[in-house]
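A quick write-up on the structure given underneath.
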Amino acid sequence: MSTFLFDSRDDRCKTPFGAVPTDDVVTFRVFLPISYQLREPALLVYKADRWDSPERIPMHYEASDGVSCSYTCIFYSPDPQLYFYLFEVAGVNGKMRIARDQDGFGVLLPQGGEMWQLTVYDKAMRAPEFMRNGILYQIFPDRFCASGGPKSGVPSDRRLHRDWYELPEYLPDPGGEVTNSDYFGGDLRGITQKLTYLKSMGVGTIYLNPIFEAHSNHRYNTADFLRIDPLLGTEEDLRELCARAKALGIRVILDGVFNHTGADSVYFNKKRRYGNGGAYNDPQSPYRSWYEFTNYPNGYQSWWGFQELPNLNERDPSYGEFICGENGVLRKWLADGISGWRLDVADELPDEFLDRVTACVKGADPDAAVIGEVWEDASTKVAYGIRRRYFLGGQLDSVMNYPFRDAIIAYVRHGDCNRLYSTLLSILEHYPKPVLDVLMNSLSTHDIERAITALAGEPISGGRDWQAHNNTLSPEKYALGKKLFMLASVIQYMLPGVPCLYYGDEAGLYGYKDPFNRTCYPWGREDPELIQFFRTLGAIRSGCPALSSGSFSAVSFTPEVVSFLRDCGGESYYVAVNRTPSEQPAVLPMEFKDAAVLYGSLGAGGLLPPYGAAILVLR
């Protein structure tokens, strides 16, 4: 304790913990060891990316315990802003700094050093209330459930699989192109038919990968923003899905792919599927200004160089009006009953466009959700040289929380408890509370390998050919992956935010990346133990919506066992996970000695069984 200087996560040093709304007062306190002969401490606060002009706030003497002297000051900001800070002190050899070490603690340095982060967000920010209710369930529409109903207007160049359970095509065509033109026929009516099943899993929100007309099975190459893909059904089918889901307490969120379209689309029309118009064919097309041509017509900006995905110019007034206007795309589908949007590649959408998207969505429905695809810490993200302001107010309600996912997988598979602990605390410290409450916490998605494979399969060391030949798990590997997946899911479901379950994970699907992570839901071939397990977890989450927003505190993080507490007001939860094949002792707080067991078991002396977990509750 004689060398303890500052810890931003210790309420003796900083209150309140984490990000703060505008105008909230933050109290800082440093502890200067008397033997160090330090004096005149000051807080230096920098606005992000303005490193030459900090605000200097002198700190005042508070008390001494004979070993250290404490000094304190306050800080607040009336404006939303990302700040970074450290402390300056006078020493016997001149000015020194108290900076942040790699573990987050204060360290005395002559100059330089890392800084702590303080996010100040607009106090008007509010989390979409509906997202706290139950879990989020992600569906890749072509692969979840096929109603078998008739379809009209389906393009003739699509190949439909006859066997629902076979592997999607993964090899390129004779021309060397991966066309993604094979389909299984999952549709909106099929999802509607399974709403009761989804409710039994504790689902409160459904997130659908793209559903608009597009000429690939993933539909991220939009062909018509105003039309449901005919293989998925009709606009009336979407209205019915949303209405029936809402009657069960379930909301529906759509994927908004607004950074690019397909080259084969109404707007670009490179292949002339839609007649002779479109930006590619007609310099006078109303869509011409939506795209950025470098050498018309064959030279144009495209997403990551994929010529089939021409980039859109989100700053173009007519495109902005088409998406965000009074009669635009966003409002059209909100009026049909959806409750929000997940924004594809949010990093590539300019701030002014994100501002307008959110203003439009919230103007139509203040409780609608706007979720961004961001893979890193979204509070401090720099994309294309620009510091993003996703969480300062007026933009994103939530993001896909890949940092949690990566840290949970690293812990459960490899025992990396330090990464898990530091990642959890970093996100909890940096993100605004309204965002934390509705964070989209996934273990699998359509862009990464499924969790069971990530936990028990061979690490990816090749492309599609390698993944295809190594995609099948032996019974022993599957059994291990299943045990580890259940442990990872206990952690996921009991953390702040909203657990997101990728369709079929709960039934035992495994697989590497696209298209192996996009196989069809195995109706009639589900793993019954996993189904029951996820029903249990879903009931716990549905039974306590406050789990999304309750406080988090660590009990013990070791390579063998992780345990933590969640305080949710009238209820407190203790969670412990043993990732090893042997019995392990868990650190059990005394107040939980006689707590009710919601899941798993703790043996005599707080012993967790091999690959075991326990969830206890105090009411």
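Convention: chains lettered A, B, ... in structure tokens order; per-chain residue numbering from 1; ligands numbered from 1 as shown.
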Filtered DSSP result for stretch 42-124 of chain A, state strand (DSSP E or B), as a count of residues only
53
Can you tell me, as a PyMOL selection string, what residues are no more than 10 Å from A:Arg464 when counting only C-alpha atoms, ignoring any on the same chain fewer than 6 positions away?
chain A and resi 170-172+470-471+512-516
Taking the DSSP assignment computed from this structure's backbone, write out as a ChimeraX atom specification all residues of stretch 372-602 of chain A that belong to alpha helix (DSSP H).
/A:402-414,417-430,433-436,451-456,464-469,475-493,528-543
Distance of atom CA of A:Tyr521 from atom CA of A:Phe184, expressed in Å to one decimal place:
10.8 Å
Which residues are near stretch 131-140 of chain A? Cut-off 6 Å, only C-alpha atoms, ignore same chain within fewer than 5 positions. Put them as a PyMOL selection string.
chain A and resi 202-209+498-503+541-542+545+548
Output of the above residues as a CSV table (one decimal), in the first residue's frame, restricted to N, CA and C atoms:
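File produced: result-v1.csv:
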chain,number,residue,atom,x,y,z
A,202,GLY,N,-36.5,-17.8,-24.1
A,202,GLY,CA,-36.3,-16.6,-23.5
A,202,GLY,C,-36.0,-15.4,-24.4
A,203,VAL,N,-36.3,-15.6,-25.7
A,203,VAL,CA,-36.0,-14.5,-26.6
A,203,VAL,C,-36.9,-13.3,-26.4
A,204,GLY,N,-36.3,-12.1,-26.4
A,204,GLY,CA,-37.1,-10.9,-26.3
A,204,GLY,C,-36.9,-10.0,-27.6
A,205,THR,N,-35.9,-10.3,-28.4
A,205,THR,CA,-35.6,-9.5,-29.6
A,205,THR,C,-35.0,-10.5,-30.6
A,206,ILE,N,-35.5,-10.4,-31.9
A,206,ILE,CA,-34.9,-11.1,-33.0
A,206,ILE,C,-34.2,-10.2,-33.9
A,207,TYR,N,-32.9,-10.5,-34.2
A,207,TYR,CA,-32.1,-9.7,-35.1
A,207,TYR,C,-32.0,-10.5,-36.4
A,208,LEU,N,-32.5,-10.0,-37.5
A,208,LEU,CA,-32.4,-10.7,-38.8
A,208,LEU,C,-31.3,-10.1,-39.6
A,209,ASN,N,-30.5,-11.0,-40.2
A,209,ASN,CA,-29.5,-10.6,-41.2
A,209,ASN,C,-30.4,-10.2,-42.4
A,498,VAL,N,-26.9,-7.6,-23.1
A,498,VAL,CA,-27.9,-8.6,-23.5
A,498,VAL,C,-27.3,-9.7,-24.3
A,499,PRO,N,-27.4,-11.0,-23.8
A,499,PRO,CA,-26.8,-12.1,-24.5
A,499,PRO,C,-27.5,-12.3,-25.8
A,500,CYS,N,-26.7,-12.5,-26.9
A,500,CYS,CA,-27.2,-12.7,-28.2
A,500,CYS,C,-26.9,-14.2,-28.6
A,501,LEU,N,-27.9,-15.0,-28.9
A,501,LEU,CA,-27.7,-16.4,-29.3
A,501,LEU,C,-27.9,-16.5,-30.8
A,502,TYR,N,-26.8,-17.0,-31.5
A,502,TYR,CA,-26.8,-17.2,-32.9
A,502,TYR,C,-27.6,-18.5,-33.3
A,503,TYR,N,-28.6,-18.3,-34.2
A,503,TYR,CA,-29.5,-19.4,-34.4
A,503,TYR,C,-28.8,-20.8,-34.6
A,541,ARG,N,-32.6,-15.1,-17.5
A,541,ARG,CA,-32.5,-13.8,-18.0
A,541,ARG,C,-33.9,-13.1,-18.1
A,542,SER,N,-34.9,-13.9,-18.6
A,542,SER,CA,-36.2,-13.3,-18.7
A,542,SER,C,-36.8,-13.0,-17.3
A,545,PRO,N,-34.9,-9.0,-15.7
A,545,PRO,CA,-34.4,-8.0,-16.7
A,545,PRO,C,-33.3,-7.1,-16.2
A,548,SER,N,-29.4,-7.0,-17.1
A,548,SER,CA,-28.8,-6.3,-18.2
A,548,SER,C,-28.1,-5.0,-17.6
Determine, counting only C-alpha atoms, which protein, DNA and RNA residues have an atom within 8 Å of an atom of A:Gly113; residues of the same chain fewer than 5 positions away are not included. Present the result as a PyMOL selection string.
chain A and resi 97+99-101
Do a neighbour search on A:Trp333 at 12 Å with only C-alpha atoms, toss out local chain neighbours closer than 4 positions, and write the hits as a PyMOL selection string.
chain A and resi 211-212+225-228+235-236+238-239+242+252-256+323-324+327-329+337-341+361+364-365+368
Proximity of stretch 468-587 of chain A to stretch 597-618 of chain A: per-residue shortest pair, 7 Å limit, only C-alpha atoms, as a tab-separated table:
residue	atom	partner	partner_atom	distance
A:Lys483	CA	A:Tyr611	CA	6.5
A:Leu487	CA	A:Ala613	CA	6.6
A:Glu571	CA	A:Leu618	CA	5.6
A:Ser572	CA	A:Leu618	CA	5.2
A:Tyr573	CA	A:Val617	CA	4.5
A:Tyr574	CA	A:Leu616	CA	5.0
A:Val575	CA	A:Ile615	CA	4.7
A:Ala576	CA	A:Ala614	CA	5.3
A:Val577	CA	A:Ala613	CA	4.3
A:Asn578	CA	A:Tyr611	CA	5.3
A:Arg579	CA	A:Tyr611	CA	5.1
A:Thr580	CA	A:Tyr611	CA	5.5
A:Pro581	CA	A:Pro610	CA	4.6
A:Ser582	CA	A:Pro610	CA	4.5
A:Glu583	CA	A:Pro609	CA	4.7
A:Gln584	CA	A:Leu608	CA	5.3
A:Pro585	CA	A:Leu607	CA	4.3
A:Ala586	CA	A:Gly606	CA	5.4
Print the selection's residues with N, CA and C atoms to a file, as an mmCIF file, in the first residue's frame.
data_model
loop_
_atom_site.group_PDB
_atom_site.id
_atom_site.type_symbol
_atom_site.label_atom_id
_atom_site.label_comp_id
_atom_site.auth_asym_id
_atom_site.auth_seq_id
_atom_site.Cartn_x
_atom_site.Cartn_y
_atom_site.Cartn_z
ATOM 1 N N LYS A 483 -19.334 -28.940 -23.685
ATOM 2 C CA LYS A 483 -19.126 -28.597 -22.271
ATOM 3 C C LYS A 483 -18.560 -27.182 -22.132
ATOM 4 N N LEU A 487 -20.148 -23.535 -20.516
ATOM 5 C CA LEU A 487 -19.464 -22.679 -19.546
ATOM 6 C C LEU A 487 -19.365 -21.243 -20.068
ATOM 7 N N GLU A 571 -32.244 -8.326 -6.070
ATOM 8 C CA GLU A 571 -31.641 -9.659 -6.208
ATOM 9 C C GLU A 571 -30.144 -9.533 -6.453
ATOM 10 N N SER A 572 -29.390 -10.476 -5.886
ATOM 11 C CA SER A 572 -27.956 -10.543 -6.137
ATOM 12 C C SER A 572 -27.617 -11.955 -6.611
ATOM 13 N N TYR A 573 -26.691 -12.027 -7.567
ATOM 14 C CA TYR A 573 -26.332 -13.311 -8.173
ATOM 15 C C TYR A 573 -24.839 -13.574 -7.986
ATOM 16 N N TYR A 574 -24.537 -14.845 -7.738
ATOM 17 C CA TYR A 574 -23.157 -15.316 -7.691
ATOM 18 C C TYR A 574 -22.988 -16.309 -8.831
ATOM 19 N N VAL A 575 -21.935 -16.120 -9.626
ATOM 20 C CA VAL A 575 -21.685 -16.971 -10.790
ATOM 21 C C VAL A 575 -20.268 -17.523 -10.678
ATOM 22 N N ALA A 576 -20.118 -18.830 -10.870
ATOM 23 C CA ALA A 576 -18.791 -19.459 -10.838
ATOM 24 C C ALA A 576 -18.698 -20.484 -11.957
ATOM 25 N N VAL A 577 -17.541 -20.541 -12.604
ATOM 26 C CA VAL A 577 -17.319 -21.440 -13.736
ATOM 27 C C VAL A 577 -15.965 -22.121 -13.573
ATOM 28 N N ASN A 578 -15.961 -23.447 -13.682
ATOM 29 C CA ASN A 578 -14.737 -24.250 -13.642
ATOM 30 C C ASN A 578 -14.469 -24.797 -15.040
ATOM 31 N N ARG A 579 -13.414 -24.292 -15.688
ATOM 32 C CA ARG A 579 -13.131 -24.669 -17.074
ATOM 33 C C ARG A 579 -12.230 -25.892 -17.189
ATOM 34 N N THR A 580 -11.931 -26.560 -16.100
ATOM 35 C CA THR A 580 -10.977 -27.671 -16.119
ATOM 36 C C THR A 580 -11.690 -29.018 -15.997
ATOM 37 N N PRO A 581 -10.999 -30.115 -16.356
ATOM 38 C CA PRO A 581 -11.600 -31.450 -16.251
ATOM 39 C C PRO A 581 -11.514 -32.048 -14.856
ATOM 40 N N SER A 582 -11.110 -31.242 -13.876
ATOM 41 C CA SER A 582 -11.021 -31.755 -12.507
ATOM 42 C C SER A 582 -11.819 -30.867 -11.566
ATOM 43 N N GLU A 583 -12.170 -31.420 -10.413
ATOM 44 C CA GLU A 583 -12.904 -30.663 -9.406
ATOM 45 C C GLU A 583 -12.049 -29.489 -8.922
ATOM 46 N N GLN A 584 -12.703 -28.320 -8.744
ATOM 47 C CA GLN A 584 -11.964 -27.126 -8.325
ATOM 48 C C GLN A 584 -12.740 -26.373 -7.253
ATOM 49 N N PRO A 585 -12.015 -25.795 -6.280
ATOM 50 C CA PRO A 585 -12.696 -24.983 -5.270
ATOM 51 C C PRO A 585 -13.041 -23.600 -5.824
ATOM 52 N N ALA A 586 -14.210 -23.114 -5.457
ATOM 53 C CA ALA A 586 -14.633 -21.768 -5.827
ATOM 54 C C ALA A 586 -14.634 -20.883 -4.588
#
Here is a test: counting only C-alpha atoms, which residue of A:Val89, A:Asp505, A:Leu547, A:Pro286 is nearest to A:Phe533?
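Distance minimum relative to A:Phe533 lands on A:Asp505.
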For A:Pro58, please output as a list in words all residues within 7 Å (counting only C-alpha atoms; exclusion window: fewer than 5 positions along the same chain).
Pro41, Ala42 and Leu43 of chain A
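Put simply, atom CA of A:Ile98 is 20.6 Å away from atom CA of A:Ala19.
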Nearest-residue call for A:Leu195, choices A:Tyr165, A:Tyr319, A:Phe144, A:Trp51, using only C-alpha atoms:
A:Phe144
